[in-house]
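Dropping entry_10.txt in here (compact mmCIF, C-alpha atoms):
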```
# COMPACT_ATOMS: atom_id res chain seq x y z
CA MET Q 1 230.37 83.52 80.46
CA ILE Q 2 228.20 80.40 80.71
CA GLU Q 3 226.48 81.94 83.71
CA LEU Q 4 225.77 85.09 81.71
CA ILE Q 5 224.20 83.05 78.91
CA ALA Q 6 222.13 80.98 81.35
CA ASN Q 7 220.90 84.13 83.09
CA GLN Q 8 220.06 86.26 80.09
CA TYR Q 9 219.06 83.91 77.27
CA SER Q 10 215.32 84.54 77.71
CA TYR Q 11 215.86 88.22 76.93
CA TRP Q 12 218.04 87.37 73.94
CA ILE Q 13 215.37 85.11 72.46
CA SER Q 14 212.74 87.81 72.66
CA ILE Q 15 215.17 90.35 71.20
CA LEU Q 16 215.91 87.95 68.32
CA LEU Q 17 212.18 87.57 67.60
CA MET Q 18 211.75 91.33 67.85
CA MET Q 19 214.53 91.82 65.29
CA ALA Q 20 212.79 89.37 62.93
CA GLY Q 21 209.51 91.26 63.30
CA LEU Q 22 211.17 94.64 62.84
CA TYR Q 23 212.98 93.39 59.73
CA ILE Q 24 209.70 92.24 58.17
CA VAL Q 25 208.03 95.58 58.95
CA ILE Q 26 210.88 97.61 57.44
CA ASP Q 27 211.96 95.47 54.51
CA HIS Q 28 208.84 93.88 53.05
CA THR Q 29 206.56 95.96 50.90
CA ASN Q 30 203.41 93.84 51.07
CA LEU Q 31 201.08 95.43 53.62
CA LEU Q 32 199.58 92.12 54.81
CA LYS Q 33 203.05 90.77 55.46
CA LYS Q 34 203.93 93.94 57.34
CA LEU Q 35 200.97 93.25 59.66
CA ILE Q 36 202.23 89.68 60.24
CA GLY Q 37 205.62 91.20 61.09
CA LEU Q 38 203.92 93.51 63.60
CA ASN Q 39 202.24 90.45 65.15
CA ILE Q 40 205.63 88.74 65.54
CA PHE Q 41 206.99 91.92 67.14
CA GLN Q 42 204.06 91.97 69.58
CA THR Q 43 204.52 88.31 70.47
CA SER Q 44 208.19 88.96 71.26
CA VAL Q 45 207.11 91.63 73.76
CA PHE Q 46 204.60 89.17 75.28
CA ILE Q 47 207.38 86.59 75.71
CA LEU Q 48 209.63 89.21 77.33
CA PHE Q 49 206.96 90.08 79.91
CA ILE Q 50 205.99 86.49 80.67
CA SER Q 51 209.61 85.35 81.03
CA MET Q 52 210.15 88.18 83.55
CA GLY Q 53 207.24 86.83 85.61
CA LYS Q 54 208.69 83.32 85.86
CA ILE Q 55 210.22 82.31 89.20
CA ASP Q 56 212.44 79.23 89.55
CA GLY Q 57 210.44 76.39 91.11
CA GLY Q 58 207.18 78.37 90.93
CA THR Q 59 203.86 77.11 89.61
CA ALA Q 60 200.97 78.74 87.79
CA PRO Q 61 199.37 81.43 89.99
CA ILE Q 62 196.34 79.42 91.14
CA ILE Q 63 196.05 78.87 94.89
CA GLU Q 64 196.09 75.16 95.65
CA GLU Q 65 197.02 73.21 98.77
CA GLY Q 66 200.66 72.17 98.87
CA TYR Q 67 202.10 74.95 96.69
CA LYS Q 68 203.87 77.95 98.18
CA VAL Q 69 205.88 79.50 95.31
CA PHE Q 70 203.92 81.09 92.48
CA SER Q 71 204.99 82.93 89.36
CA ASN Q 72 204.22 86.64 89.32
CA PRO Q 73 200.56 87.04 88.25
CA LEU Q 74 200.89 90.71 87.24
CA PRO Q 75 202.61 90.22 83.82
CA HIS Q 76 200.06 87.50 83.02
CA VAL Q 77 197.20 89.95 83.55
CA LEU Q 78 198.85 92.66 81.45
CA ILE Q 79 199.62 90.30 78.56
CA LEU Q 80 196.24 88.55 78.70
CA THR Q 81 194.47 91.81 77.95
CA ALA Q 82 197.18 92.88 75.49
CA ILE Q 83 196.60 89.77 73.34
CA VAL Q 84 192.89 90.48 72.94
CA VAL Q 85 193.57 94.16 72.24
CA SER Q 86 196.21 93.13 69.69
CA VAL Q 87 193.68 91.10 67.70
CA ALA Q 88 191.28 94.05 67.72
CA THR Q 89 193.98 96.46 66.52
CA THR Q 90 195.10 93.95 63.88
CA ALA Q 91 191.52 93.94 62.64
CA VAL Q 92 191.64 97.75 62.31
CA GLY Q 93 194.90 97.41 60.35
CA LEU Q 94 193.35 94.81 58.06
CA ALA Q 95 190.36 97.09 57.47
CA LEU Q 96 192.78 99.84 56.43
CA VAL Q 97 194.56 97.42 54.06
CA VAL Q 98 191.24 96.39 52.53
CA ASN Q 99 190.34 100.05 51.98
CA ILE Q 100 193.76 100.76 50.42
CA ASN Q 101 193.22 97.80 48.10
CA LYS Q 102 189.83 99.22 47.10
CA ARG Q 103 191.39 102.56 46.22
CA PHE Q 104 194.62 101.41 44.48
CA GLN Q 105 193.85 97.78 43.46
CA SER Q 106 197.12 96.83 45.13
CA ILE Q 107 198.49 96.12 48.60
CA ASP Q 108 202.13 96.54 47.70
CA GLU Q 109 203.86 99.67 48.91
CA GLN Q 110 206.03 100.15 45.81
CA GLU Q 111 203.12 99.69 43.39
CA ILE Q 112 201.02 102.16 45.40
CA GLU Q 113 203.84 104.73 45.24
CA GLU Q 114 204.06 104.33 41.47
CA ILE Q 115 200.29 104.75 41.07
CA GLU Q 116 200.37 107.89 43.23
CA LEU Q 117 203.21 109.36 41.14
CA GLU Q 118 201.31 108.70 37.93
CA GLU Q 119 198.20 110.41 39.27
CA GLU Q 120 200.00 113.60 40.25
CA MET W 1 182.66 76.96 47.61
CA SER W 2 183.65 73.36 48.02
CA VAL W 3 184.07 73.76 51.77
CA ARG W 4 180.35 74.30 52.23
CA LYS W 5 179.41 71.20 50.24
CA ASN W 6 181.80 68.86 52.02
CA PRO W 7 179.51 66.55 54.05
CA ILE W 8 182.22 65.46 56.48
CA LEU W 9 182.99 69.04 57.51
CA ARG W 10 179.28 69.88 57.88
CA GLU W 11 178.43 66.88 60.03
CA THR W 12 181.55 67.29 62.17
CA SER W 13 180.69 70.94 62.71
CA HIS W 14 177.20 69.92 63.91
CA LEU W 15 178.88 67.83 66.59
CA LEU W 16 181.59 70.34 67.43
CA ILE W 17 179.79 73.69 67.56
CA PRO W 18 177.55 72.89 70.58
CA ALA W 19 180.60 71.54 72.39
CA ILE W 20 182.59 74.69 71.59
CA LEU W 21 179.80 76.97 72.83
CA LEU W 22 179.37 74.89 76.00
CA PHE W 23 183.11 74.96 76.60
CA ALA W 24 183.05 78.74 76.23
CA LEU W 25 180.41 78.99 78.95
CA TYR W 26 182.44 76.64 81.18
CA VAL W 27 185.55 78.80 80.71
CA GLN W 28 183.50 81.92 81.43
CA PHE W 29 182.05 80.76 84.76
CA HIS W 30 184.94 78.59 85.89
CA GLY W 31 187.48 81.39 85.45
CA ASP W 32 187.54 82.01 89.21
CA TYR W 33 188.85 78.53 89.96
CA GLY W 34 190.99 77.50 87.01
CA PRO W 35 192.51 79.14 83.97
CA GLY W 36 189.90 81.08 82.08
CA GLY W 37 187.78 84.21 82.25
CA GLY W 38 185.89 86.65 80.13
CA PHE W 39 188.53 87.32 77.48
CA GLN W 40 189.15 83.65 76.69
CA ALA W 41 185.46 82.71 76.86
CA GLY W 42 184.50 85.52 74.51
CA VAL W 43 187.07 84.46 71.95
CA ILE W 44 186.06 80.78 72.12
CA PHE W 45 182.35 81.61 71.82
CA ALA W 46 183.07 83.83 68.82
CA SER W 47 185.16 81.11 67.17
CA GLY W 48 182.20 78.71 67.46
CA ILE W 49 179.93 81.18 65.66
CA ILE W 50 182.65 81.93 63.08
CA LEU W 51 183.03 78.20 62.36
CA TYR W 52 179.28 78.04 61.69
CA ALA W 53 179.48 81.09 59.44
CA LEU W 54 182.41 79.65 57.48
CA LEU W 55 180.62 76.36 56.82
CA HIS W 56 177.06 77.56 56.23
CA GLY W 57 177.62 81.08 54.93
CA THR W 58 177.18 84.41 56.70
CA LYS W 59 173.48 84.59 55.72
CA ARG W 60 172.53 81.57 57.81
CA ALA W 61 174.81 82.63 60.64
CA GLU W 62 173.13 86.04 60.68
CA LYS W 63 169.82 84.32 61.41
CA VAL W 64 171.37 83.17 64.69
CA ILE W 65 173.21 86.38 65.61
CA SER W 66 172.80 89.32 63.25
CA LEU W 67 175.38 92.09 62.89
CA ASN W 68 173.09 94.60 64.56
CA LEU W 69 172.45 92.25 67.50
CA ALA W 70 176.19 91.67 67.91
CA LYS W 71 176.86 95.43 67.85
CA THR W 72 174.19 95.95 70.53
CA PHE W 73 175.67 93.22 72.70
CA ALA W 74 179.15 94.76 72.39
CA ALA W 75 177.74 97.96 73.89
CA ILE W 76 175.73 96.05 76.52
CA GLY W 77 178.83 94.24 77.78
CA LEU W 78 180.81 97.46 78.19
CA LEU W 79 177.83 99.15 79.88
CA LEU W 80 177.45 96.19 82.26
CA TYR W 81 181.09 96.61 83.30
CA ALA W 82 180.86 100.38 83.72
CA GLY W 83 177.43 100.07 85.33
CA ILE W 84 178.74 97.86 88.14
CA GLY W 85 181.22 100.63 88.92
CA VAL W 86 178.43 103.21 89.13
CA PHE W 87 176.33 100.79 91.20
CA GLY W 88 179.22 100.60 93.67
CA ILE W 89 179.18 104.41 94.01
CA LEU W 90 175.41 104.37 94.62
CA LEU W 91 175.94 101.87 97.45
CA GLY W 92 178.49 104.20 99.05
CA GLY W 93 181.81 102.77 97.85
CA ASN W 94 184.37 103.86 95.27
CA TYR W 95 184.04 103.31 91.54
CA LEU W 96 184.52 99.58 90.78
CA ASP W 97 184.65 98.81 94.51
CA TYR W 98 182.99 95.41 94.94
CA ASN W 99 183.24 95.19 98.73
CA VAL W 100 179.99 97.15 99.14
CA LEU W 101 177.90 95.03 96.76
CA THR W 102 176.80 92.62 99.50
CA GLN W 103 177.03 92.54 103.32
CA ASN W 104 180.16 90.38 103.25
CA PRO W 105 183.14 92.01 101.42
CA VAL W 106 184.53 88.69 100.13
CA HIS W 107 181.10 87.74 98.86
CA GLY W 108 180.82 91.14 97.19
CA GLN W 109 184.13 90.55 95.42
CA HIS W 110 182.77 87.24 94.09
CA TRP W 111 179.69 88.94 92.67
CA GLY W 112 181.63 91.85 91.25
CA ILE W 113 184.18 89.64 89.49
CA LEU W 114 181.48 87.31 88.13
CA ILE W 115 179.49 90.21 86.66
CA ILE W 116 182.38 92.12 85.13
CA GLU W 117 183.83 88.94 83.65
CA LEU W 118 180.41 88.41 82.08
CA GLY W 119 180.55 91.95 80.70
CA VAL W 120 184.04 91.38 79.31
CA GLY W 121 182.99 88.05 77.76
CA ILE W 122 179.89 89.53 76.09
CA THR W 123 181.84 92.47 74.65
CA VAL W 124 184.78 90.42 73.35
CA ALA W 125 182.55 87.77 71.76
CA ALA W 126 180.28 90.36 70.14
CA VAL W 127 183.19 92.48 68.88
CA ILE W 128 184.97 89.55 67.26
CA ILE W 129 181.78 88.20 65.68
CA SER W 130 180.92 91.62 64.23
CA ILE W 131 184.48 92.20 62.95
CA PHE W 132 184.27 88.85 61.17
CA TYR W 133 180.88 89.74 59.65
CA ALA W 134 182.26 93.11 58.56
CA PHE W 135 185.08 91.42 56.63
CA ALA W 136 182.86 88.65 55.26
CA LYS W 137 180.20 91.04 53.97
CA PHE W 138 182.61 93.59 52.50
CA LYS W 139 182.05 94.04 48.77
CA LYS W 140 185.00 94.91 46.56
CA MET R 1 211.42 76.64 67.23
CA LEU R 2 209.94 80.13 67.39
CA ALA R 3 213.04 81.63 65.82
CA ILE R 4 212.98 79.07 63.00
CA THR R 5 209.33 79.85 62.26
CA ALA R 6 210.02 83.59 62.33
CA ILE R 7 212.92 83.19 59.89
CA ALA R 8 210.75 80.99 57.65
CA ILE R 9 208.15 83.78 57.64
CA ILE R 10 210.83 86.24 56.51
CA ALA R 11 211.95 83.94 53.70
CA MET R 12 208.47 83.00 52.39
CA ARG R 13 207.25 84.88 49.35
CA ASN R 14 203.75 83.38 49.10
CA ILE R 15 201.43 85.41 51.32
CA LEU R 16 199.06 82.49 52.03
CA SER R 17 201.85 80.35 53.48
CA VAL R 18 203.05 83.35 55.48
CA ILE R 19 199.60 83.59 57.09
CA MET R 20 199.50 79.88 57.89
CA LEU R 21 203.00 80.06 59.37
CA GLY R 22 201.83 83.00 61.48
CA GLY R 23 199.16 80.71 62.98
CA ILE R 24 201.77 78.02 63.69
CA TYR R 25 204.00 80.66 65.27
CA SER R 26 201.20 81.69 67.64
CA LEU R 27 200.54 78.07 68.61
CA ILE R 28 204.21 77.47 69.40
CA SER R 29 204.37 80.62 71.49
CA ALA R 30 201.26 79.41 73.37
CA THR R 31 203.12 76.21 74.36
CA LEU R 32 206.04 78.39 75.46
CA PHE R 33 203.65 80.33 77.74
CA VAL R 34 202.52 77.04 79.34
CA VAL R 35 206.17 76.22 80.09
CA LEU R 36 206.57 79.66 81.66
CA ASP R 37 203.56 79.01 84.00
CA ALA R 38 201.26 81.50 82.29
CA VAL R 39 198.31 79.17 81.67
CA ASP R 40 195.73 81.93 81.20
CA VAL R 41 197.92 83.71 78.67
CA ALA R 42 198.60 80.47 76.78
CA PHE R 43 194.87 79.80 76.62
CA THR R 44 194.19 83.24 75.13
CA GLU R 45 197.12 83.12 72.71
CA ALA R 46 196.05 79.71 71.38
CA ALA R 47 192.46 80.84 70.84
CA VAL R 48 193.24 84.31 69.49
CA GLY R 49 196.53 83.94 67.65
CA ALA R 50 196.06 80.57 66.05
CA GLY R 51 192.30 80.86 65.54
CA ILE R 52 190.77 84.30 65.20
CA SER R 53 193.62 86.33 63.73
CA THR R 54 194.39 83.65 61.11
CA VAL R 55 190.72 83.69 60.07
CA LEU R 56 190.76 87.50 59.88
CA PHE R 57 193.97 87.56 57.83
CA LEU R 58 192.54 84.94 55.46
CA SER R 59 189.31 86.87 54.96
CA ALA R 60 191.29 90.04 54.26
CA LEU R 61 193.40 88.08 51.78
CA GLY R 62 190.19 86.81 50.19
CA ILE R 63 189.06 90.41 49.64
CA THR R 64 192.38 91.76 48.36
CA GLY R 65 193.21 88.78 46.16
CA LYS R 66 196.41 86.81 46.06
CA HIS R 67 199.50 88.96 45.69
CA GLN R 68 203.06 87.73 45.65
CA VAL R 69 205.49 89.56 47.88
CA LEU R 70 207.81 91.61 45.72
CA ALA R 71 211.41 91.81 46.84
CA ARG R 72 212.86 95.21 47.57
CA LYS R 73 216.22 95.67 45.86
CA ASN R 74 218.20 97.17 48.72
CA HIS R 75 218.29 94.92 51.80
CA LEU R 76 221.33 96.52 53.40
CA VAL R 77 219.70 99.50 55.09
CA PRO R 78 216.94 97.47 56.87
CA ILE R 79 219.46 94.83 57.98
CA PHE R 80 221.75 97.55 59.34
CA VAL R 81 218.90 99.24 61.27
CA VAL R 82 217.70 95.91 62.72
CA LEU R 83 221.20 94.81 63.73
CA VAL R 84 221.96 98.13 65.45
CA THR R 85 218.66 97.98 67.37
CA GLY R 86 219.28 94.37 68.38
CA ALA R 87 222.87 95.03 69.45
CA GLY R 88 221.79 97.97 71.60
CA LEU R 89 219.06 95.93 73.27
CA ILE R 90 221.35 92.94 73.92
CA TYR R 91 223.95 95.29 75.42
CA SER R 92 221.29 96.65 77.78
CA THR R 93 220.24 93.17 78.98
CA SER R 94 223.49 92.82 80.94
CA ASP R 95 221.87 94.95 83.68
CA MET R 96 218.67 92.89 83.76
CA PRO R 97 217.97 90.41 86.58
CA ALA R 98 218.66 86.75 85.82
CA PHE R 99 215.91 84.56 84.36
CA GLY R 100 213.84 82.95 87.14
CA ASP R 101 215.50 84.97 89.92
CA PRO R 102 213.01 85.25 92.84
CA ASN R 103 214.69 88.48 94.06
CA ALA R 104 214.15 90.43 90.84
CA PRO R 105 212.57 93.89 91.38
CA ALA R 106 209.47 92.85 89.45
CA HIS R 107 208.64 90.25 92.12
CA ASN R 108 209.11 92.54 95.11
CA HIS R 109 206.76 95.46 94.46
CA VAL R 110 203.04 94.66 94.37
CA ALA R 111 203.22 90.98 93.42
CA PRO R 112 203.79 89.62 96.98
CA ARG R 113 200.61 91.32 98.13
CA TYR R 114 198.64 89.80 95.27
CA ILE R 115 200.06 86.35 96.03
CA GLU R 116 199.68 86.48 99.82
CA GLN R 117 196.50 88.50 100.35
CA SER R 118 194.28 87.75 97.36
CA GLY R 119 193.18 84.42 98.84
CA GLU R 120 191.71 86.20 101.88
CA GLU R 121 190.66 89.51 100.31
CA ILE R 122 189.04 88.19 97.14
CA GLY R 123 188.47 84.58 98.06
CA ILE R 124 188.98 82.99 94.66
CA PRO R 125 191.87 80.67 93.83
CA ASN R 126 192.89 82.01 90.42
CA MET R 127 195.11 85.01 91.15
CA VAL R 128 195.13 86.13 87.54
CA THR R 129 191.35 86.56 87.60
CA SER R 130 191.38 88.42 90.91
CA VAL R 131 194.11 90.82 89.80
CA LEU R 132 192.46 91.29 86.39
CA ALA R 133 188.96 91.95 87.63
CA SER R 134 189.41 93.46 91.07
CA TYR R 135 192.82 94.99 91.85
CA ARG R 136 193.22 96.26 88.29
CA GLY R 137 189.58 96.75 87.38
CA PHE R 138 190.19 100.17 85.84
CA ASP R 139 192.88 98.75 83.61
CA THR R 140 190.57 96.03 82.30
CA LEU R 141 187.74 98.53 81.81
CA GLY R 142 190.10 100.54 79.60
CA GLU R 143 191.08 97.45 77.61
CA VAL R 144 187.45 96.52 77.00
CA ALA R 145 186.81 100.08 75.86
CA VAL R 146 189.75 99.78 73.43
CA VAL R 147 188.31 96.56 71.98
CA PHE R 148 184.92 98.25 71.59
CA THR R 149 186.52 101.28 69.91
CA ALA R 150 188.36 98.97 67.51
CA LEU R 151 184.98 97.51 66.49
CA ILE R 152 183.65 101.02 65.77
CA ALA R 153 186.78 101.82 63.73
CA VAL R 154 186.48 98.63 61.65
CA LEU R 155 182.79 99.24 60.95
CA LEU R 156 183.51 102.84 59.92
CA LEU R 157 186.43 101.85 57.69
CA LEU R 158 184.52 99.09 55.93
CA GLY R 159 181.49 101.34 55.54
CA LEU R 160 178.92 98.75 56.56
CA ASN R 161 176.65 101.14 58.43
CA ARG R 162 176.00 103.21 55.33
CA GLY R 163 175.25 100.10 53.29
CA SER R 164 172.66 98.72 55.66
CA ARG R 165 170.83 102.04 55.87
CA GLN R 166 170.62 102.24 52.08
CA ASP R 167 169.24 98.73 51.97
CA LYS R 168 166.38 99.64 54.25
CA SER R 169 165.33 102.85 52.48
```
Can you turn what I pasted into structure tokens?
Amino acid sequence: MIELIANQYSYWISILLMMAGLYIVIDHTNLLKKLIGLNIFQTSVFILFISMGKIDGGTAPIIEEGYKVFSNPLPHVLILTAIVVSVATTAVGLALVVNINKRFQSIDEQEIEEIELEEE
Amino acid sequence: MSVRKNPILRETSHLLIPAILLFALYVQFHGDYGPGGGFQAGVIFASGIILYALLHGTKRAEKVISLNLAKTFAAIGLLLYAGIGVFGILLGGNYLDYNVLTQNPVHGQHWGILIIELGVGITVAAVIISIFYAFAKFKK
Amino acid sequence: MLAITAIAIIAMRNILSVIMLGGIYSLISATLFVVLDAVDVAFTEAAVGAGISTVLFLSALGITGKHQVLARKNHLVPIFVVLVTGAGLIYSTSDMPAFGDPNAPAHNHVAPRYIEQSGEEIGIPNMVTSVLASYRGFDTLGEVAVVFTALIAVLLLLGLNRGSRQDKS
């Protein structure tokens, strides 16, 4: 049992963070807070990838005399680009929120639904 | 805006912004040897410009780098990246094959990586600066 | 630490403090990346997550004005969905390789070649840069194109192009 926990806890942490992000996205009605929840969700995926790349006793993947064991560089590359793309996509989401606010004078899902019902 | 009148913030920013921009260039060109590269350098460079824009207003920041200039640079960076690939084809290799850029394959790889990292850095910096301007200039 | 910050973000009602906590969350995850040997990723996360995205969220908040987060009445359905998803994922981790295991499948496919050959083939010490720019050049080209497309989308959505043309005429 202790061995199981020691072997798998990195996955469990990222799953826990993912659950927190998913909960914010589903439960909260404020669109800005939903975007923050999406960011937490994304970060949990980043942590999952990076923790898979870690090797016991390894160092950062930079060739230097005296080091033989390196962590896997491939997840680092994938996540490095994913972080920059995530900020760009977050900016698109924020632009959408700003436009919604311009149209409805509100960024709350429930208020927007009420306004839409009134207009129909 | 009390932030813009605060003398401590203004004077500190005058000291910090050149250091931030210099650090961005260091990260850009030292990415082969230590942690760093185009993505990080672009973001750090953009954050230097954004700090200036926050403290002195977008109008003064636009005298340094205007929105149109930033948009042009975003395209130039992407074209630089794609252009190196086409250049490799013209020299008889595959697309994005750096071995053919110079006589020595390893040397060619150095050149290729340096140039495309520069392209990545230019695009990322320009995109983030222009996204910030777009939000700052948006009228309700 | 990360989990505590995430739970604090769930509990906070004031949107400004949620944004600031989001920045703190990114900074903590950047230190976690350093511990996991991913120095390049930590560098990017610290600059992007704690710096740029906080600034972008704050400027969007400045445009939309300060709204309090209203509570939805029924919390049970979201909690149920989240718990079922989490339980399924945790059940599936029992087949995953152990944390830090050098024999995991992820370390035995292309990674050994990157680690052993990149010093001779590319000739630069930072493996992350050589994989990013050379072995996976197409991948990075696509990512840069995505970032560029995001810029076009933001400019279209915020309607700045139209405004500047009207100013000139």
- May I ask you to extract the residues of chain R within 8 Å of chain W, using all atoms listed in the file, and to give them as a VMD selection string? chain R and resid 39 to 40 43 to 44 47 to 48 51 to 52 56 59 to 60 63 120 to 126 129 to 130 133 to 134 137 to 138 141 144 to 145 147 to 148 151 154 to 155 158 160
Once you count all atoms listed in the file, what closest atom pair and distance in Å to one decimal does each residue of chain Q within 12 Å of chain W have, with rows by chain and rising residue number, as a Markdown table?
```
| residue | atom | partner | partner_atom | distance |
| --- | --- | --- | --- | --- |
| Q:Ala60 | CA | W:Pro35 | CA | 9.3 |
| Q:Pro61 | CA | W:Pro35 | CA | 9.4 |
| Q:Ile62 | CA | W:Gly34 | CA | 7.0 |
| Q:Ile63 | CA | W:Tyr33 | CA | 8.7 |
| Q:Glu64 | CA | W:Tyr33 | CA | 9.8 |
| Q:His76 | CA | W:Pro35 | CA | 11.3 |
| Q:Val77 | CA | W:Phe39 | CA | 10.9 |
| Q:Ile79 | CA | W:Phe39 | CA | 11.5 |
| Q:Leu80 | CA | W:Phe39 | CA | 7.9 |
| Q:Thr81 | CA | W:Phe39 | CA | 7.5 |
| Q:Ala82 | CA | W:Phe39 | CA | 10.5 |
| Q:Ile83 | CA | W:Phe39 | CA | 9.4 |
| Q:Val84 | CA | W:Phe39 | CA | 7.0 |
| Q:Val85 | CA | W:Val124 | CA | 9.6 |
| Q:Val87 | CA | W:Ile128 | CA | 8.9 |
| Q:Ala88 | CA | W:Ile128 | CA | 7.8 |
| Q:Thr89 | CA | W:Ile131 | CA | 11.0 |
| Q:Thr90 | CA | W:Ile131 | CA | 10.8 |
| Q:Ala91 | CA | W:Ile131 | CA | 7.3 |
| Q:Val92 | CA | W:Ile131 | CA | 9.1 |
| Q:Gly93 | CA | W:Ile131 | CA | 11.9 |
| Q:Leu94 | CA | W:Phe135 | CA | 9.1 |
| Q:Ala95 | CA | W:Phe135 | CA | 7.8 |
| Q:Leu96 | CA | W:Phe135 | CA | 11.4 |
| Q:Val97 | CA | W:Phe135 | CA | 11.5 |
| Q:Val98 | CA | W:Lys140 | CA | 8.8 |
| Q:Asn99 | CA | W:Lys140 | CA | 9.2 |
| Q:Ile100 | CA | W:Lys140 | CA | 11.2 |
| Q:Asn101 | CA | W:Lys140 | CA | 8.8 |
| Q:Lys102 | CA | W:Lys140 | CA | 6.5 |
| Q:Arg103 | CA | W:Lys140 | CA | 10.0 |
| Q:Phe104 | CA | W:Lys140 | CA | 11.8 |
| Q:Gln105 | CA | W:Lys140 | CA | 9.8 |
```
- Query: Mind listing as number ranges by chain which residues of chain R are within 6 Å of chain Q, counting all atoms listed in the file?
  - Reply: R: 36-37, 41, 69, 78, 82, 98-102, 125-128, 132, 147, 150, 154
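Residue neighbourhood of Tyr52 in chain W, excluding near-sequence residues (fewer than 2 positions): Arg10, Ser13, His14, Leu16, Ile17, Ala46, Ser47, Gly48, Ile49, Ile50, Leu54, Leu55, His56, Gly57, Thr58, Arg60, Ala61 and Val64 of chain W, at 10 Å, using all atoms listed in the file.
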- Message: Give me the residues near Val18 in chain R as a PyMOL selection string, where near means some atom within 6 Å (using all atoms listed in the file) and where sequence neighbours in that chain fewer than 3 positions away do not count.
- Response: chain R and resi 9+15+21
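Our summary of the geometry notes that CA of Gln42 in chain Q is positioned 11.5 Å from CA of Ser29 in chain R.
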- Query: Any idea what the distance is between CA of Pro18 in chain W and CA of Lys5 in chain W?
  - Reply: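 That distance, rounded to one decimal, is 20.5 Å.
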